[in-house]
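Everything below belongs to model35.cif, which stores mmCIF, C-alpha atoms and all ligand atoms.
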```cif
data_start
#
loop_
_atom_site.label_atom_id
_atom_site.label_comp_id
_atom_site.auth_asym_id
_atom_site.auth_seq_id
_atom_site.Cartn_x
_atom_site.Cartn_y
_atom_site.Cartn_z
CA MET A 1 4.52 -13.66 30.16
CA ILE A 2 3.57 -10.07 29.32
CA VAL A 3 1.63 -9.67 26.07
CA LYS A 4 1.02 -6.22 24.61
CA ILE A 5 -0.13 -4.59 21.38
CA GLU A 6 1.89 -1.77 19.87
CA PRO A 7 -0.13 1.36 20.81
CA LEU A 8 -0.04 2.92 17.32
CA ALA A 9 -0.53 -0.28 15.30
CA GLY A 10 -3.74 -0.74 13.36
CA PHE A 11 -5.60 0.78 10.44
CA CYS A 12 -4.38 4.06 8.99
CA PHE A 13 -6.99 6.81 8.56
CA GLY A 14 -7.36 6.00 4.82
CA VAL A 15 -8.46 2.44 5.64
CA VAL A 16 -10.57 3.52 8.63
CA SER A 17 -12.60 5.92 6.50
CA ALA A 18 -13.02 3.32 3.70
CA ILE A 19 -14.37 0.77 6.19
CA ASN A 20 -16.63 3.36 7.84
CA LEU A 21 -18.05 4.10 4.41
CA VAL A 22 -18.73 0.38 3.77
CA GLU A 23 -20.44 -0.06 7.12
CA LYS A 24 -22.55 3.07 6.58
CA GLU A 25 -23.69 1.86 3.13
CA LEU A 26 -24.47 -1.63 4.39
CA LYS A 27 -26.70 -0.30 7.16
CA ASP A 28 -29.30 0.65 4.55
CA ASN A 29 -28.48 -1.90 1.83
CA ASP A 30 -28.04 -5.69 1.79
CA LYS A 31 -25.25 -5.62 -0.72
CA LEU A 32 -22.42 -3.41 -1.91
CA TYR A 33 -19.89 -4.21 -4.63
CA CYS A 34 -16.26 -3.32 -4.03
CA LEU A 35 -13.66 -3.18 -6.76
CA GLY A 36 -10.89 -5.37 -5.32
CA ASP A 37 -10.29 -6.29 -1.67
CA ILE A 38 -11.17 -3.30 0.49
CA VAL A 39 -8.02 -3.94 2.54
CA HIS A 40 -5.11 -6.39 2.17
CA ASN A 41 -6.31 -8.49 5.06
CA ASN A 42 -8.35 -11.65 4.52
CA MET A 43 -9.85 -11.66 8.01
CA GLU A 44 -11.29 -8.15 7.60
CA VAL A 45 -12.44 -8.92 4.05
CA GLU A 46 -14.27 -11.97 5.43
CA ARG A 47 -15.90 -9.93 8.21
CA LEU A 48 -17.17 -7.33 5.73
CA SER A 49 -18.36 -9.95 3.25
CA LYS A 50 -20.64 -11.30 6.01
CA LEU A 51 -22.18 -7.82 6.18
CA GLY A 52 -22.86 -7.89 2.42
CA LEU A 53 -19.70 -6.54 0.76
CA GLU A 54 -18.99 -8.40 -2.48
CA VAL A 55 -15.56 -8.10 -4.06
CA ILE A 56 -15.59 -7.80 -7.85
CA ASP A 57 -12.97 -7.20 -10.52
CA ILE A 58 -13.10 -4.79 -13.43
CA GLU A 59 -14.42 -7.46 -15.82
CA ARG A 60 -17.39 -8.08 -13.53
CA MET A 61 -17.97 -4.34 -13.22
CA LYS A 62 -18.29 -4.10 -17.01
CA ALA A 63 -21.33 -6.37 -16.79
CA LEU A 64 -23.03 -4.36 -14.00
CA LYS A 65 -25.50 -1.53 -14.53
CA ASN A 66 -27.60 0.80 -12.33
CA THR A 67 -25.92 -0.13 -9.06
CA LYS A 68 -23.32 1.13 -6.60
CA VAL A 69 -19.63 0.19 -6.65
CA MET A 70 -17.12 1.15 -4.03
CA ILE A 71 -13.61 2.30 -4.89
CA ARG A 72 -11.18 1.45 -2.09
CA ALA A 73 -8.43 3.58 -0.53
CA HIS A 74 -5.90 2.57 -3.26
CA GLY A 75 -7.83 4.57 -5.89
CA GLU A 76 -8.58 3.73 -9.51
CA PRO A 77 -7.55 5.02 -12.94
CA PRO A 78 -9.81 7.47 -14.88
CA SER A 79 -11.04 4.58 -17.08
CA THR A 80 -12.94 3.11 -14.09
CA TYR A 81 -14.86 6.36 -13.54
CA LYS A 82 -15.64 6.47 -17.27
CA LEU A 83 -16.97 2.91 -17.15
CA ALA A 84 -19.15 3.80 -14.15
CA GLU A 85 -20.62 6.72 -16.04
CA GLU A 86 -21.36 4.58 -19.11
CA ASN A 87 -23.06 1.87 -17.00
CA ASN A 88 -24.96 4.26 -14.72
CA ILE A 89 -23.02 3.00 -11.72
CA GLU A 90 -22.84 5.21 -8.64
CA ILE A 91 -19.31 5.29 -7.30
CA ILE A 92 -18.84 5.22 -3.54
CA ASP A 93 -15.37 6.69 -3.53
CA ALA A 94 -13.09 5.79 -0.62
CA THR A 95 -9.87 6.79 -2.36
CA CYS A 96 -7.54 7.94 0.42
CA PRO A 97 -7.01 11.74 0.22
CA ILE A 98 -3.23 11.15 0.16
CA VAL A 99 -3.55 8.86 -2.86
CA LEU A 100 -5.95 11.30 -4.52
CA LYS A 101 -3.43 14.13 -4.12
CA LEU A 102 -0.69 11.89 -5.52
CA GLN A 103 -2.87 11.03 -8.54
CA GLN A 104 -3.30 14.77 -9.18
CA ASN A 105 0.45 15.37 -8.87
CA VAL A 106 1.24 12.48 -11.21
CA ARG A 107 -1.23 13.94 -13.71
CA LYS A 108 0.45 17.38 -13.47
CA GLY A 109 3.90 15.78 -13.73
CA TYR A 110 2.78 13.85 -16.79
CA LEU A 111 1.48 16.98 -18.55
CA ARG A 112 4.73 18.81 -17.80
CA MET A 113 6.86 15.89 -19.01
CA LYS A 114 4.77 15.68 -22.15
CA GLU A 115 5.52 19.33 -22.93
CA ILE A 116 9.28 18.86 -22.60
CA GLY A 117 9.53 15.34 -24.05
CA GLY A 118 10.16 13.70 -20.68
CA GLN A 119 8.89 10.62 -18.87
CA VAL A 120 7.08 9.85 -15.64
CA VAL A 121 8.61 7.02 -13.63
CA ILE A 122 6.74 5.33 -10.78
CA TYR A 123 8.54 3.25 -8.20
CA GLY A 124 6.03 0.64 -7.05
CA LYS A 125 4.74 -2.89 -7.34
CA LYS A 126 3.73 -3.71 -10.91
CA GLY A 127 0.02 -4.46 -11.07
CA HIS A 128 -0.68 -3.09 -7.57
CA ALA A 129 -4.05 -1.30 -7.52
CA GLU A 130 -2.57 2.04 -6.45
CA VAL A 131 0.08 1.84 -9.18
CA VAL A 132 -2.58 1.02 -11.80
CA GLY A 133 -4.47 4.12 -10.65
CA LEU A 134 -1.34 6.27 -10.90
CA VAL A 135 -0.31 4.95 -14.31
CA GLY A 136 -3.86 5.72 -15.48
CA GLN A 137 -3.16 9.43 -14.84
CA THR A 138 -0.47 9.29 -17.52
CA ASN A 139 -2.51 7.71 -20.30
CA ASN A 140 -0.77 4.45 -19.29
CA GLU A 141 2.57 5.87 -20.43
CA ALA A 142 4.40 5.98 -17.08
CA ILE A 143 7.32 3.59 -16.61
CA VAL A 144 6.90 1.38 -13.54
CA ILE A 145 10.06 0.26 -11.77
CA SER A 146 10.06 -2.19 -8.86
CA SER A 147 13.81 -2.46 -8.25
CA LYS A 148 17.19 -1.32 -9.58
CA ASP A 149 16.95 -4.16 -12.13
CA ASP A 150 14.26 -2.15 -13.93
CA LEU A 151 16.30 1.03 -14.36
CA ASP A 152 17.22 0.12 -17.94
CA LEU A 153 13.57 0.83 -18.82
CA ILE A 154 14.31 4.54 -18.28
CA ASN A 155 15.66 6.66 -21.11
CA PHE A 156 18.33 8.84 -19.52
CA ASP A 157 18.42 11.03 -22.64
CA LYS A 158 15.09 12.50 -21.53
CA PRO A 159 13.88 14.45 -18.47
CA ILE A 160 12.48 12.30 -15.66
CA HIS A 161 9.84 12.92 -13.03
CA LEU A 162 9.97 10.20 -10.39
CA PHE A 163 7.17 9.29 -7.96
CA SER A 164 6.70 6.42 -5.53
CA GLN A 165 3.71 4.29 -4.58
CA THR A 166 2.70 5.54 -1.10
CA THR A 167 3.49 2.30 0.72
CA MET A 168 7.00 1.52 -0.55
CA SER A 169 10.08 1.38 1.66
CA LYS A 170 11.54 4.85 2.11
CA GLU A 171 15.09 3.43 2.36
CA GLU A 172 14.73 1.58 -0.95
CA TYR A 173 13.14 4.60 -2.63
CA LYS A 174 16.07 6.74 -1.50
CA ALA A 175 18.52 4.18 -2.91
CA ILE A 176 16.62 4.11 -6.25
CA CYS A 177 16.56 7.93 -6.40
CA ASN A 178 20.32 8.09 -5.75
CA GLU A 179 21.00 5.53 -8.47
CA ILE A 180 18.83 7.38 -10.99
CA GLU A 181 20.53 10.68 -10.19
CA LEU A 182 23.94 9.06 -10.52
CA ARG A 183 23.15 7.40 -13.85
CA HIS A 184 21.61 10.61 -15.11
CA LYS A 185 24.70 12.57 -14.16
CA LEU A 186 27.08 10.06 -15.76
CA HIS A 187 24.95 9.80 -18.87
CA ASN A 188 24.75 13.53 -19.35
CA GLN A 189 28.45 14.00 -18.69
CA ASN A 190 29.10 11.67 -21.62
CA ASN A 191 26.50 13.36 -23.80
CA ASN A 192 27.29 16.88 -22.71
CA GLN A 193 23.56 17.47 -22.13
CA ALA A 194 21.58 18.54 -19.10
CA HIS A 195 18.12 17.21 -18.37
CA ASP A 196 15.84 17.51 -15.40
CA VAL A 197 15.41 14.80 -12.80
CA ILE A 198 12.50 15.74 -10.55
CA ILE A 199 11.97 13.56 -7.49
CA THR A 200 8.70 13.69 -5.58
CA ASN A 201 8.71 12.13 -2.13
CA SER A 202 5.30 10.49 -2.21
CA ILE A 203 5.67 7.82 0.48
CA CYS A 204 2.83 8.12 2.98
CA GLY A 205 3.93 9.64 6.30
CA LYS A 206 1.74 7.14 8.12
CA VAL A 207 3.86 4.30 6.68
CA SER A 208 7.26 5.96 7.02
CA SER A 209 6.69 7.05 10.63
CA ARG A 210 5.61 3.51 11.54
CA SER A 211 9.10 2.12 10.99
CA LYS A 212 10.68 3.96 13.93
CA GLU A 213 7.67 3.31 16.17
CA LEU A 214 7.83 -0.41 15.37
CA ILE A 215 11.58 -0.70 15.96
CA ASP A 216 11.28 1.13 19.29
CA PHE A 217 8.39 -1.13 20.29
CA SER A 218 10.29 -4.30 19.29
CA ASP A 219 13.11 -3.28 21.66
CA THR A 220 10.70 -3.50 24.60
CA VAL A 221 9.79 -7.20 24.08
CA ASP A 222 11.47 -10.61 23.57
CA VAL A 223 9.27 -11.78 20.66
CA VAL A 224 7.28 -9.82 18.06
CA LEU A 225 4.24 -11.26 16.30
CA PHE A 226 3.68 -9.17 13.20
CA VAL A 227 0.14 -9.56 11.86
CA SER A 228 -0.34 -8.89 8.16
CA GLY A 229 -1.60 -10.29 4.89
CA LYS A 230 1.31 -11.26 2.59
CA SER A 231 -0.12 -9.05 -0.18
CA SER A 232 0.12 -5.89 1.92
CA SER A 233 3.07 -3.80 0.66
CA ASN A 234 3.49 -1.84 3.86
CA GLY A 235 2.98 -5.03 5.88
CA MET A 236 5.87 -6.80 4.14
CA TYR A 237 8.03 -3.69 4.39
CA LEU A 238 7.42 -3.30 8.14
CA TYR A 239 7.76 -7.03 8.83
CA ASN A 240 11.12 -7.27 7.00
CA LEU A 241 12.37 -4.15 8.75
CA CYS A 242 11.43 -5.55 12.16
CA LYS A 243 12.83 -9.02 11.35
CA ALA A 244 16.18 -7.47 10.33
CA HIS A 245 16.28 -5.62 13.67
CA LYS A 246 14.92 -8.42 15.84
CA GLU A 247 15.40 -12.02 14.77
CA ALA A 248 12.54 -13.26 17.00
CA THR A 249 9.90 -11.61 14.79
CA TYR A 250 7.23 -13.84 13.24
CA LEU A 251 4.78 -13.06 10.46
CA ILE A 252 1.28 -14.38 11.10
CA SER A 253 -2.10 -13.74 9.54
CA ASN A 254 -4.29 -15.16 12.33
CA LYS A 255 -4.16 -16.92 15.72
CA GLU A 256 -3.92 -20.37 14.09
CA ASP A 257 -0.42 -19.47 12.82
CA ILE A 258 0.99 -19.04 16.33
CA LYS A 259 3.57 -21.68 17.37
CA LYS A 260 4.08 -22.42 21.05
CA GLU A 261 7.83 -23.01 20.65
CA TRP A 262 8.35 -19.33 19.75
CA PHE A 263 7.68 -18.46 23.39
CA GLU A 264 10.20 -20.81 25.06
CA GLY A 265 12.09 -18.79 27.66
CA CYS A 266 10.28 -15.66 26.57
CA GLU A 267 9.02 -13.13 29.10
CA SER A 268 7.29 -10.63 26.84
CA VAL A 269 5.49 -10.71 23.48
CA GLY A 270 4.65 -7.67 21.37
CA ILE A 271 1.94 -7.68 18.71
CA SER A 272 2.00 -5.27 15.84
CA GLY A 273 0.65 -5.07 12.31
CA ALA A 274 0.36 -3.27 8.98
CA THR A 275 -1.81 -0.22 8.27
CA SER A 276 -4.31 -2.78 6.92
CA THR A 277 -4.39 -4.96 10.06
CA PRO A 278 -7.54 -4.51 12.16
CA ARG A 279 -7.20 -3.85 15.85
CA TRP A 280 -9.77 -6.57 16.66
CA LEU A 281 -7.52 -9.18 15.01
CA MET A 282 -4.50 -8.12 17.07
CA GLU A 283 -6.68 -8.31 20.20
CA GLU A 284 -7.78 -11.82 19.24
CA ILE A 285 -4.10 -12.80 18.85
CA MET A 286 -3.27 -11.24 22.21
CA ASP A 287 -5.97 -13.39 23.85
CA ALA A 288 -4.59 -16.51 22.11
CA CYS A 289 -1.07 -15.74 23.40
CA ILE A 290 -2.37 -15.26 26.93
CA SER A 291 -4.20 -18.60 26.81
CA ILE A 292 -1.06 -20.42 25.51
CA ASN A 293 0.79 -18.92 28.43
S1 LIG A 301 -1.21 4.04 3.98
FE1 LIG A 301 -1.32 6.26 3.80
S2 LIG A 301 -1.86 6.60 1.64
FE2 LIG A 301 -2.32 4.45 2.07
S3 LIG A 301 -4.46 4.44 2.65
FE3 LIG A 301 -3.28 4.64 4.56
S4 LIG A 301 -3.17 6.86 4.94
FE4 LIG A 301 -3.77 6.57 2.80
#
```
Kindly return the structure encoded in the file as structure tokens.
Ligand code: SF4
Amino acid sequence: MIVKIEPLAGFCFGVVSAINLVEKELKDNDKLYCLGDIVHNNMEVERLSKLGLEVIDIERMKALKNTKVMIRAHGEPPSTYKLAEENNIEIIDATCPIVLKLQQNVRKGYLRMKEIGGQVVIYGKKGHAEVVGLVGQTNNEAIVISSKDDLDLINFDKPIHLFSQTTMSKEEYKAICNEIELRHKLHNQNNNQAHDVIITNSICGKVSSRSKELIDFSDTVDVVLFVSGKSSSNGMYLYNLCKAHKEATYLISNKEDIKKEWFEGCESVGISGATSTPRWLMEEIMDACISIN
């Protein structure tokens, strides 16, 4: 049985630079606090915790003073930076440059919408760290929508500026955008008014380009093992996409999840993962598949 790892699978540059920053800090210090899991992958979180990385939440941060706290690639709202200043906490900022740029654009969009009585709408997972950071740019006024079921939260009498969390599905974002434009058009036909709908394509290119790479890779093997934490947005998106294309796709988080019966009559296995899946974990899974064989 041939076992191979998708060549381009593994951490995106945003996650790589966050982890490099952690490792650099922990070379000189025994401990570093991190606001939330550095990456949506338990195995990597466990590895880094052994080096001295301690995951905290915002409540715990409120009680800390005169220390260092790391902000992960997802970014944080302005209130976190304010809290750090008040508590003399040095921020080690690993916000991904793409997320940082999006935060700035959401802020600009918010100020423009405020001037013309409009609203900022963010398509993303409610409560997801990146979304919390984006909503924070709008004084917590942005409307968060996770599916078409949430569209009634939008006031179609007002201008709309729509953004997406960077790791959402581009196909679903397109469908949401089309629906909003359609409802806006119908609404304004009835009301004889014209308002702006501005759509910003803010899905990360690293995530959107992965879909084609993954599908092409899945066509070269009989079985795909997709390695991801269930809380990873891009992981679930890529897994579902691959599963819809190739039935013999299995979601696993570590080598213990592998089932021998998946490989009956199979000649080739492909291993892939989310932008938050470490390469070392995929290599460990490859070794486990080879030893089953
Ligand atoms: S998925 Fe894209 S936006 Fe998110 S951390 Fe990686 S590079 Fe940055």
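Atom CA of Ser291 of chain A sits 19.5 Å away from atom CA of Leu251 of chain A.
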- Message: Let me make sure I understand: among A:Leu241, A:Val197, A:Cys96, A:Leu83, which one has the smallest atom-to-atom distance to Gly109 of chain A if we use all atoms listed in the file?
- Response: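 Closest to Gly109 of chain A of all the choices is A:Val197.
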- Enter the distance from atom CA of Glu172 of chain A to atom CA of Lys126 of chain A, in Å, rounded to one decimal.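 Atom-to-atom, atom CA of Glu172 of chain A and atom CA of Lys126 of chain A are spaced 15.8 Å apart.
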Could you list the protein, DNA and RNA residues that have any atom within 8 Å of ligand LIG 301 (chain A), counting all atoms listed in the file, and write them as a compact mmCIF listing (two decimals) with C-alpha atoms, in the coordinates of the input?
```txt
# COMPACT_ATOMS: atom_id res chain seq x y z
CA PHE A 11 -5.60 0.78 10.44
CA CYS A 12 -4.38 4.06 8.99
CA PHE A 13 -6.99 6.81 8.56
CA GLY A 14 -7.36 6.00 4.82
CA VAL A 15 -8.46 2.44 5.64
CA ALA A 73 -8.43 3.58 -0.53
CA HIS A 74 -5.90 2.57 -3.26
CA THR A 95 -9.87 6.79 -2.36
CA CYS A 96 -7.54 7.94 0.42
CA PRO A 97 -7.01 11.74 0.22
CA ILE A 98 -3.23 11.15 0.16
CA VAL A 99 -3.55 8.86 -2.86
CA THR A 166 2.70 5.54 -1.10
CA THR A 167 3.49 2.30 0.72
CA ILE A 203 5.67 7.82 0.48
CA CYS A 204 2.83 8.12 2.98
CA GLY A 205 3.93 9.64 6.30
CA LYS A 206 1.74 7.14 8.12
CA VAL A 207 3.86 4.30 6.68
CA ASN A 234 3.49 -1.84 3.86
CA THR A 275 -1.81 -0.22 8.27
CA SER A 276 -4.31 -2.78 6.92
```
- Message: Applying 12 Å and all atoms listed in the file, which residues near Glu76 of chain A remain after dropping the ones on its own chain fewer than 6 positions away? List them as a ChimeraX atom specification.
- Response: /A:34-36,57-58,69-70,82-84,91-96,99-100,103,127-137
- Task: Please provide the set of residues having any atom within 8 Å of Thr200 of chain A, restricted to only C-alpha atoms, with same-chain residues fewer than 6 positions apart removed, written as a list in words.
- Result: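 Near Thr200 of chain A, the qualifying residues are His161, Leu162, Phe163 and Ser164 of chain A.
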Write the selection just made, keeping C-alpha atoms, as a PDB file, keeping the file's coordinate frame?
```
ATOM      1  CA  HIS A 161       9.840  12.920 -13.030  1.00  0.00           C
ATOM      2  CA  LEU A 162       9.970  10.200 -10.390  1.00  0.00           C
ATOM      3  CA  PHE A 163       7.170   9.290  -7.960  1.00  0.00           C
ATOM      4  CA  SER A 164       6.700   6.420  -5.530  1.00  0.00           C
TER       5      SER A 164
END
```
- Message: Counting all atoms listed in the file, which residues have an atom no more than 12 Å from (17.3, -6.8, 18.2) in the file's coordinates? Please list them as a PyMOL selection string.
- Response: chain A and resi 214-224+241-249
- From the set A:Arg112, A:Lys101, A:Lys148, A:Lys260, which residue has the shortest atom-to-atom contact distance to Gly124 of chain A, counting only C-alpha atoms? A:Lys148
Which neighbours of Val121 of chain A fall inside 6 Å, counting all atoms listed in the file, when residues of the same chain fewer than 4 positions from it are skipped, and could you give them as a short mmCIF file (atom, residue, chain, number, x, y, z; two decimals) with C-alpha atoms, keeping the file's coordinate frame?
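The new file selection.cif reads:
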```cif
data_model
loop_
_atom_site.label_atom_id
_atom_site.label_comp_id
_atom_site.auth_asym_id
_atom_site.auth_seq_id
_atom_site.Cartn_x
_atom_site.Cartn_y
_atom_site.Cartn_z
CA ALA A 142 4.40 5.98 -17.08
CA ILE A 143 7.32 3.59 -16.61
CA VAL A 144 6.90 1.38 -13.54
CA LEU A 162 9.97 10.20 -10.39
#
```
Set up a box along x, y and z of the file covering all listed atoms of segment 99-115 of chain A, add 8 Å on every one of the six sides, and write the centre and edge lengths in Å to one decimal, as AutoDock Vina command-line options.
```
--center_x 0.5 --center_y 14.1 --center_z -12.9 --size_x 28.8 --size_y 26.5 --size_z 36.1
```
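Comparing A:Asn41, A:Ser211, A:Asn66, A:Asn88 by their smallest distance to Ser228 of chain A, the closest is A:Asn41 (using all atoms listed in the file).
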- May I ask for the distance between atom CA of Val16 of chain A and atom CA of Asn201 of chain A, given in Å to one decimal place? 23.7 Å
- Pick out the residues sitting within 10 Å of Ser147 of chain A, and hand them over as a list in words; count only C-alpha atoms, and ignore anything fewer than 6 positions along from it in its own chain. Tyr123, Gly124, Lys125, Glu172, Tyr173, Ala175 and Ile176 of chain A
- Query: Which is closest to Ile292 of chain A among A:Ile2, A:Leu21, A:Ala9, A:Leu51, if we use only C-alpha atoms?
  - Reply: A:Ile2
